[in-house]
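Colleague: Structure supplied as structure_23.pdb; contents: PDB, C-alpha atoms, pLDDT in the B column.
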```
ATOM      1  CA  GLN E 403     -17.486 -16.309 -18.421  1.00 46.00           C
ATOM      2  CA  ILE E 404     -14.529 -15.042 -20.378  1.00 54.00           C
ATOM      3  CA  PRO E 405     -13.474 -17.451 -23.137  1.00 53.00           C
ATOM      4  CA  GLY E 406      -9.781 -18.090 -23.259  1.00 56.00           C
ATOM      5  CA  LEU E 407      -9.209 -17.565 -19.543  1.00 59.00           C
ATOM      6  CA  ASP E 408     -10.891 -20.820 -18.660  1.00 61.00           C
ATOM      7  CA  PRO E 409      -8.421 -23.691 -19.224  1.00 59.00           C
ATOM      8  CA  ASP E 410     -11.350 -25.837 -20.389  1.00 62.00           C
ATOM      9  CA  VAL E 411     -12.404 -23.450 -23.184  1.00 63.00           C
ATOM     10  CA  ARG E 412     -10.617 -23.894 -26.475  1.00 64.00           C
ATOM     11  CA  VAL E 413      -9.216 -20.745 -28.059  1.00 60.00           C
ATOM     12  CA  GLU E 414      -8.249 -20.730 -31.719  1.00 64.00           C
ATOM     13  CA  ARG E 415      -4.485 -20.758 -32.232  1.00 59.00           C
ATOM     14  CA  GLY E 416      -3.155 -17.233 -32.547  1.00 55.00           C
ATOM     15  CA  GLU E 417      -6.284 -15.641 -31.100  1.00 58.00           C
ATOM     16  CA  ARG E 418      -5.372 -13.265 -28.286  1.00 55.00           C
ATOM     17  CA  VAL E 419      -7.290 -13.399 -25.040  1.00 55.00           C
ATOM     18  CA  GLU E 420      -7.387  -9.580 -24.849  1.00 53.00           C
ATOM     19  CA  ALA E 421      -9.364  -9.491 -28.082  1.00 54.00           C
ATOM     20  CA  MET E 422     -12.153 -11.280 -26.218  1.00 55.00           C
ATOM     21  CA  HIS E 423     -12.536  -8.881 -23.304  1.00 66.00           C
ATOM     22  CA  GLY E 424     -11.614  -5.475 -21.999  1.00 76.00           C
ATOM     23  CA  LYS E 425      -9.289  -4.690 -19.161  1.00 86.00           C
ATOM     24  CA  ILE E 426     -10.205  -6.352 -15.855  1.00 89.00           C
ATOM     25  CA  ASN E 427     -10.240  -3.667 -13.160  1.00 93.00           C
ATOM     26  CA  ALA E 428     -10.965  -5.739 -10.038  1.00 95.00           C
ATOM     27  CA  VAL E 429     -11.688  -9.250  -8.806  1.00 94.00           C
ATOM     28  CA  PHE E 430     -14.630  -9.927  -6.497  1.00 93.00           C
ATOM     29  CA  VAL E 431     -14.991 -13.272  -4.718  1.00 92.00           C
ATOM     30  CA  VAL E 432     -18.397 -13.416  -3.055  1.00 88.00           C
ATOM     31  CA  ALA E 433     -18.767 -17.184  -2.661  1.00 83.00           C
ATOM     32  CA  ASP E 434     -16.492 -20.180  -2.815  1.00 81.00           C
ATOM     33  CA  PRO E 435     -16.488 -21.489  -6.383  1.00 83.00           C
ATOM     34  CA  ILE E 436     -17.319 -25.050  -7.254  1.00 83.00           C
ATOM     35  CA  PRO E 437     -14.434 -25.602  -9.731  1.00 83.00           C
ATOM     36  CA  TRP E 438     -11.618 -24.270  -7.521  1.00 89.00           C
ATOM     37  CA  GLY E 439      -8.785 -25.115  -9.912  1.00 88.00           C
ATOM     38  CA  ARG E 440     -10.182 -23.129 -12.820  1.00 87.00           C
ATOM     39  CA  ASP E 441     -11.035 -20.097 -10.693  1.00 90.00           C
ATOM     40  CA  LEU E 442      -7.699 -20.145  -8.836  1.00 93.00           C
ATOM     41  CA  GLN E 443      -5.919 -20.159 -12.215  1.00 91.00           C
ATOM     42  CA  ILE E 444      -7.961 -17.289 -13.635  1.00 89.00           C
ATOM     43  CA  ILE E 445      -7.675 -15.133 -10.501  1.00 93.00           C
ATOM     44  CA  CYS E 446      -3.904 -15.666 -10.307  1.00 95.00           C
ATOM     45  CA  ASP E 447      -3.577 -14.778 -14.005  1.00 91.00           C
ATOM     46  CA  VAL E 448      -5.502 -11.554 -13.424  1.00 92.00           C
ATOM     47  CA  LEU E 449      -3.633 -10.610 -10.226  1.00 96.00           C
ATOM     48  CA  GLN E 450      -0.265 -11.041 -11.957  1.00 96.00           C
ATOM     49  CA  SER E 451      -1.343  -8.737 -14.778  1.00 93.00           C
ATOM     50  CA  ASN E 452      -2.223  -5.102 -15.269  1.00 92.00           C
ATOM     51  CA  GLY E 453      -5.759  -6.233 -16.025  1.00 90.00           C
ATOM     52  CA  LEU E 454      -4.844  -7.524 -19.469  1.00 86.00           C
ATOM     53  CA  ILE E 455      -3.987 -11.178 -18.957  1.00 81.00           C
ATOM     54  CA  HIS E 456      -0.930 -11.450 -21.215  1.00 78.00           C
ATOM     55  CA  HIS E 457       0.704  -8.382 -19.666  1.00 85.00           C
ATOM     56  CA  ARG E 458       2.532  -9.758 -16.635  1.00 88.00           C
ATOM     57  CA  ILE E 459       3.817  -7.156 -14.215  1.00 91.00           C
ATOM     58  CA  SER E 460       6.034  -7.301 -11.141  1.00 91.00           C
ATOM     59  CA  GLU E 461       3.632  -5.620  -8.697  1.00 94.00           C
ATOM     60  CA  GLN E 462      -0.030  -6.361  -8.129  1.00 95.00           C
ATOM     61  CA  GLU E 463      -2.219  -3.642  -9.663  1.00 95.00           C
ATOM     62  CA  VAL E 464      -5.613  -5.324  -9.849  1.00 95.00           C
ATOM     63  CA  PRO E 465      -7.378  -5.245  -6.475  1.00 96.00           C
ATOM     64  CA  ILE E 466      -9.177  -8.280  -5.093  1.00 96.00           C
ATOM     65  CA  TYR E 467     -12.125  -8.115  -2.705  1.00 94.00           C
ATOM     66  CA  LEU E 468     -13.352 -11.160  -0.835  1.00 92.00           C
ATOM     67  CA  SER E 469     -16.395 -11.744   1.346  1.00 88.00           C
ATOM     68  CA  THR E 470     -17.660 -14.348   3.766  1.00 80.00           C
ATOM     69  CA  PRO E 471     -14.313 -15.367   5.293  1.00 80.00           C
ATOM     70  CA  ASP E 472     -15.633 -18.397   7.213  1.00 82.00           C
ATOM     71  CA  PHE E 473     -12.945 -21.077   6.905  1.00 83.00           C
ATOM     72  CA  GLN E 474     -15.470 -23.756   7.808  1.00 82.00           C
ATOM     73  CA  TYR E 475     -19.195 -23.835   8.457  1.00 78.00           C
ATOM     74  CA  MET E 476     -21.749 -26.342   9.606  1.00 76.00           C
ATOM     75  CA  ALA E 477     -24.537 -27.525   7.339  1.00 76.00           C
ATOM     76  CA  GLU E 478     -26.579 -30.707   7.044  1.00 83.00           C
ATOM     77  CA  HIS E 479     -23.389 -32.778   6.843  1.00 84.00           C
ATOM     78  CA  PRO E 480     -22.220 -34.075  10.255  1.00 88.00           C
ATOM     79  CA  LEU E 481     -18.707 -32.623   9.748  1.00 89.00           C
ATOM     80  CA  PRO E 482     -17.716 -29.008   9.085  1.00 84.00           C
ATOM     81  CA  ARG E 483     -17.516 -28.030   5.402  1.00 84.00           C
ATOM     82  CA  PHE E 484     -14.933 -25.724   3.812  1.00 87.00           C
ATOM     83  CA  GLY E 485     -16.202 -22.187   3.325  1.00 85.00           C
ATOM     84  CA  ASN E 486     -15.095 -19.177   1.321  1.00 86.00           C
ATOM     85  CA  GLY E 487     -12.304 -18.537   3.838  1.00 87.00           C
ATOM     86  CA  SER E 488     -10.640 -21.801   2.860  1.00 91.00           C
ATOM     87  CA  PHE E 489     -10.699 -20.725  -0.802  1.00 93.00           C
ATOM     88  CA  TYR E 490      -9.038 -17.436   0.243  1.00 93.00           C
ATOM     89  CA  PHE E 491      -6.388 -19.373   2.217  1.00 94.00           C
ATOM     90  CA  VAL E 492      -5.543 -21.533  -0.815  1.00 96.00           C
ATOM     91  CA  LEU E 493      -5.570 -18.542  -3.188  1.00 96.00           C
ATOM     92  CA  LYS E 494      -3.182 -16.461  -1.086  1.00 96.00           C
ATOM     93  CA  SER E 495      -0.864 -19.480  -0.664  1.00 97.00           C
ATOM     94  CA  ILE E 496      -0.744 -20.115  -4.414  1.00 97.00           C
ATOM     95  CA  PHE E 497      -0.229 -16.413  -5.161  1.00 97.00           C
ATOM     96  CA  GLN E 498       2.677 -16.301  -2.662  1.00 97.00           C
ATOM     97  CA  GLU E 499       4.237 -19.394  -4.232  1.00 96.00           C
ATOM     98  CA  LEU E 500       3.866 -18.010  -7.759  1.00 95.00           C
ATOM     99  CA  THR E 501       5.102 -14.479  -7.108  1.00 95.00           C
ATOM    100  CA  GLY E 502       7.099 -14.540  -3.869  1.00 95.00           C
ATOM    101  CA  ARG E 503       4.827 -11.707  -2.658  1.00 95.00           C
ATOM    102  CA  GLU E 504       1.848 -11.457  -0.373  1.00 95.00           C
ATOM    103  CA  MET E 505      -1.445 -10.949  -2.139  1.00 96.00           C
ATOM    104  CA  LYS E 506      -2.902  -7.479  -1.533  1.00 95.00           C
ATOM    105  CA  HIS E 507      -6.583  -7.880  -0.735  1.00 94.00           C
ATOM    106  CA  GLU E 508      -9.595  -6.577   1.163  1.00 91.00           C
ATOM    107  CA  ILE E 509     -11.889  -8.908   3.088  1.00 88.00           C
ATOM    108  CA  TYR E 510     -15.443  -7.989   4.037  1.00 83.00           C
ATOM    109  CA  GLY E 511     -17.679  -9.979   6.315  1.00 79.00           C
ATOM    110  CA  LYS E 512     -17.607 -11.392   9.808  1.00 75.00           C
ATOM    111  CA  PRO E 513     -15.380 -11.185  11.900  1.00 72.00           C
ATOM    112  CA  TYR E 514     -13.796  -8.106  10.303  1.00 77.00           C
ATOM    113  CA  PRO E 515     -14.533  -4.807  12.062  1.00 79.00           C
ATOM    114  CA  ILE E 516     -15.754  -2.967   8.948  1.00 80.00           C
ATOM    115  CA  THR E 517     -18.827  -5.219   8.837  1.00 81.00           C
ATOM    116  CA  TYR E 518     -19.772  -4.435  12.424  1.00 82.00           C
ATOM    117  CA  GLN E 519     -18.930  -0.741  12.044  1.00 86.00           C
ATOM    118  CA  TYR E 520     -21.216  -0.543   9.031  1.00 88.00           C
ATOM    119  CA  ALA E 521     -24.064  -2.235  10.930  1.00 87.00           C
ATOM    120  CA  GLU E 522     -23.510   0.046  13.922  1.00 89.00           C
ATOM    121  CA  GLY E 523     -23.662   3.101  11.635  1.00 92.00           C
ATOM    122  CA  LEU E 524     -26.947   1.923  10.113  1.00 93.00           C
ATOM    123  CA  LEU E 525     -28.455   1.401  13.568  1.00 92.00           C
ATOM    124  CA  ALA E 526     -27.283   4.845  14.716  1.00 92.00           C
ATOM    125  CA  ASP E 527     -28.769   6.475  11.576  1.00 93.00           C
ATOM    126  CA  GLN E 528     -32.102   4.722  12.099  1.00 93.00           C
ATOM    127  CA  ALA E 529     -32.204   5.704  15.766  1.00 92.00           C
ATOM    128  CA  LYS E 530     -31.385   9.329  14.928  1.00 92.00           C
ATOM    129  CA  ALA E 531     -34.106   9.413  12.248  1.00 94.00           C
ATOM    130  CA  ARG E 532     -36.593   8.382  14.928  1.00 93.00           C
ATOM    131  CA  GLY E 533     -35.382  10.954  17.455  1.00 92.00           C
ATOM    132  CA  HIS E 534     -33.325   8.577  19.607  1.00 91.00           C
ATOM    133  CA  SER E 535     -29.664   8.489  20.503  1.00 88.00           C
ATOM    134  CA  GLY E 536     -27.596   5.635  19.068  1.00 80.00           C
ATOM    135  CA  PRO E 537     -27.679   2.237  20.780  1.00 82.00           C
ATOM    136  CA  GLU E 538     -25.463   1.800  23.825  1.00 83.00           C
ATOM    137  CA  THR E 539     -25.184  -1.962  23.454  1.00 84.00           C
ATOM    138  CA  ILE E 540     -25.418  -4.051  20.311  1.00 81.00           C
ATOM    139  CA  TYR E 541     -25.767  -7.819  20.413  1.00 78.00           C
ATOM    140  CA  GLY E 542     -24.471  -9.975  17.592  1.00 74.00           C
ATOM    141  CA  ILE E 543     -26.233 -13.245  16.820  1.00 74.00           C
ATOM    142  CA  GLY E 544     -24.654 -15.877  14.647  1.00 72.00           C
ATOM    143  CA  ASP E 545     -24.157 -19.544  14.040  1.00 69.00           C
ATOM    144  CA  ASN E 546     -20.385 -19.738  13.668  1.00 70.00           C
ATOM    145  CA  PRO E 547     -18.322 -18.957  16.791  1.00 67.00           C
ATOM    146  CA  LEU E 548     -15.123 -18.593  14.729  1.00 64.00           C
ATOM    147  CA  THR E 549     -16.511 -15.648  12.769  1.00 67.00           C
ATOM    148  CA  ASP E 550     -19.916 -14.399  13.917  1.00 70.00           C
ATOM    149  CA  ILE E 551     -19.373 -14.486  17.666  1.00 69.00           C
ATOM    150  CA  ARG E 552     -15.669 -13.543  17.572  1.00 69.00           C
ATOM    151  CA  GLY E 553     -16.390 -10.506  15.422  1.00 67.00           C
ATOM    152  CA  ALA E 554     -19.216  -9.315  17.659  1.00 67.00           C
ATOM    153  CA  ASN E 555     -16.996  -9.676  20.741  1.00 70.00           C
ATOM    154  CA  GLU E 556     -14.145  -7.719  19.185  1.00 68.00           C
TER     155      GLU E 556
END
```
Can I see the file as structure tokens?
Modeller:
Amino acid sequence: QIPGLDPDVRVERGERVEAMHGKINAVFVVADPIPWGRDLQIICDVLQSNGLIHHRISEQEVPIYLSTPDFQYMAEHPLPRFGNGSFYFVLKSIFQELTGREMKHEIYGKPYPITYQYAEGLLADQAKARGHSGPETIYGIGDNPLTDIRGANE
């Protein structure tokens, strides 16, 4: 946690946020946060800066990487629940509204090809190490047709 970036943390008047942390070089979103409002605010502050929060710039310099892009998923609840993909959708909408620009980002996870290409490369390396040629057919197994199955089919 970085004091001063969180709207719920009191900062002494006149104290600069930069004095509390170094330059932020990248943002990683690996799971949907519980307090969305706070995290949306902090991420947007960082993405509109050069990595030092009070230094607003006109172009996005700080990269953002997101994972697990499932918009919804099924759990114990009888209705689908919002996943990390829904947080990404809200974040990019807010960023667009704030800046008038699209948010530059990289997404990793199903259904994006890089995830399947990585897995295919690992399987090929393991087969080669055992004296076999790479697999001709790879089957993807998942629980979410919108991401797991779609990505495997593509």
Colleague: Considering only C-alpha atoms, state which residue in the set E:Gln450, E:Ser469, E:Asn555, E:Gln474 is at the smallest distance from Tyr518 (chain E).
Modeller: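 When distances to Tyr518 (chain E) are compared using only C-alpha atoms, the smallest one comes from E:Asn555.
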Colleague: Please provide as a list in words all residues within 12 Å of Pro435 (chain E), with the sequence filter that same-chain residues fewer than 5 positions apart are discarded (counting only C-alpha atoms).
Modeller: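 My reading of the contact set: Phe430, Arg440, Asp441, Leu442, Ile444, Ile445, Phe484, Gly485, Asn486, Gly487, Ser488, Phe489, Tyr490 and Leu493 of chain E.
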Colleague: Take the residues from that selection and write them out as a compact mmCIF listing (two decimals), in the frame of the given file, keeping C-alpha atoms.
Modeller:
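Contents of result.txt, freshly written:
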```
# COMPACT_ATOMS: atom_id res chain seq x y z
CA PHE E 430 -14.63 -9.93 -6.50
CA ARG E 440 -10.18 -23.13 -12.82
CA ASP E 441 -11.04 -20.10 -10.69
CA LEU E 442 -7.70 -20.14 -8.84
CA ILE E 444 -7.96 -17.29 -13.64
CA ILE E 445 -7.68 -15.13 -10.50
CA PHE E 484 -14.93 -25.72 3.81
CA GLY E 485 -16.20 -22.19 3.32
CA ASN E 486 -15.10 -19.18 1.32
CA GLY E 487 -12.30 -18.54 3.84
CA SER E 488 -10.64 -21.80 2.86
CA PHE E 489 -10.70 -20.72 -0.80
CA TYR E 490 -9.04 -17.44 0.24
CA LEU E 493 -5.57 -18.54 -3.19
```
Colleague: Hey, can you check how far CA of Ile466 (chain E) sits from CA of His507 (chain E)?
Modeller: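 Atom-to-atom, CA of Ile466 (chain E) to CA of His507 (chain E), that is 5.1 Å.
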Colleague: For region 521-537 of chain E, work out the shell of residues within 12 Å, counting all atoms listed in the file and skipping chain neighbours fewer than 5 positions away, then give it as a VMD selection string.
Modeller: chain E and resid 511 to 512 514 to 516 542 554
Colleague: Do you have the CA of Gln462 (chain E)-CA of Pro437 (chain E) distance handy?
Modeller: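 CA of Pro437 (chain E) lies at a distance of 24.1 Å from CA of Gln462 (chain E).
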Colleague: To one decimal place, how far is CA of Cys446 (chain E) from CA of Ile426 (chain E) in Å?
Modeller: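 According to the coordinates, CA of Cys446 (chain E) and CA of Ile426 (chain E) are separated by 12.5 Å.
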Colleague: Out of E:Asn546, E:Thr517, E:Thr501, E:Gln443, which residue has the shortest atom-to-atom distance to Ser460 (chain E) when counting all atoms listed in the file?
Modeller: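 Of E:Asn546, E:Thr517, E:Thr501, E:Gln443, the one nearest Ser460 (chain E) is E:Thr501, counting all atoms listed in the file.
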Colleague: Name all residues at most 10 Å from His457 (chain E) (count only C-alpha atoms; drop same-chain ones fewer than 5 positions away) and give them as a ChimeraX atom specification.
Modeller: /E:420,447-448,450-452
Colleague: Have a look at E:Glu499, E:Gly424, E:Tyr467, E:Trp438 and name the one nearest to Leu454 (chain E); count only C-alpha atoms.
Modeller: E:Gly424
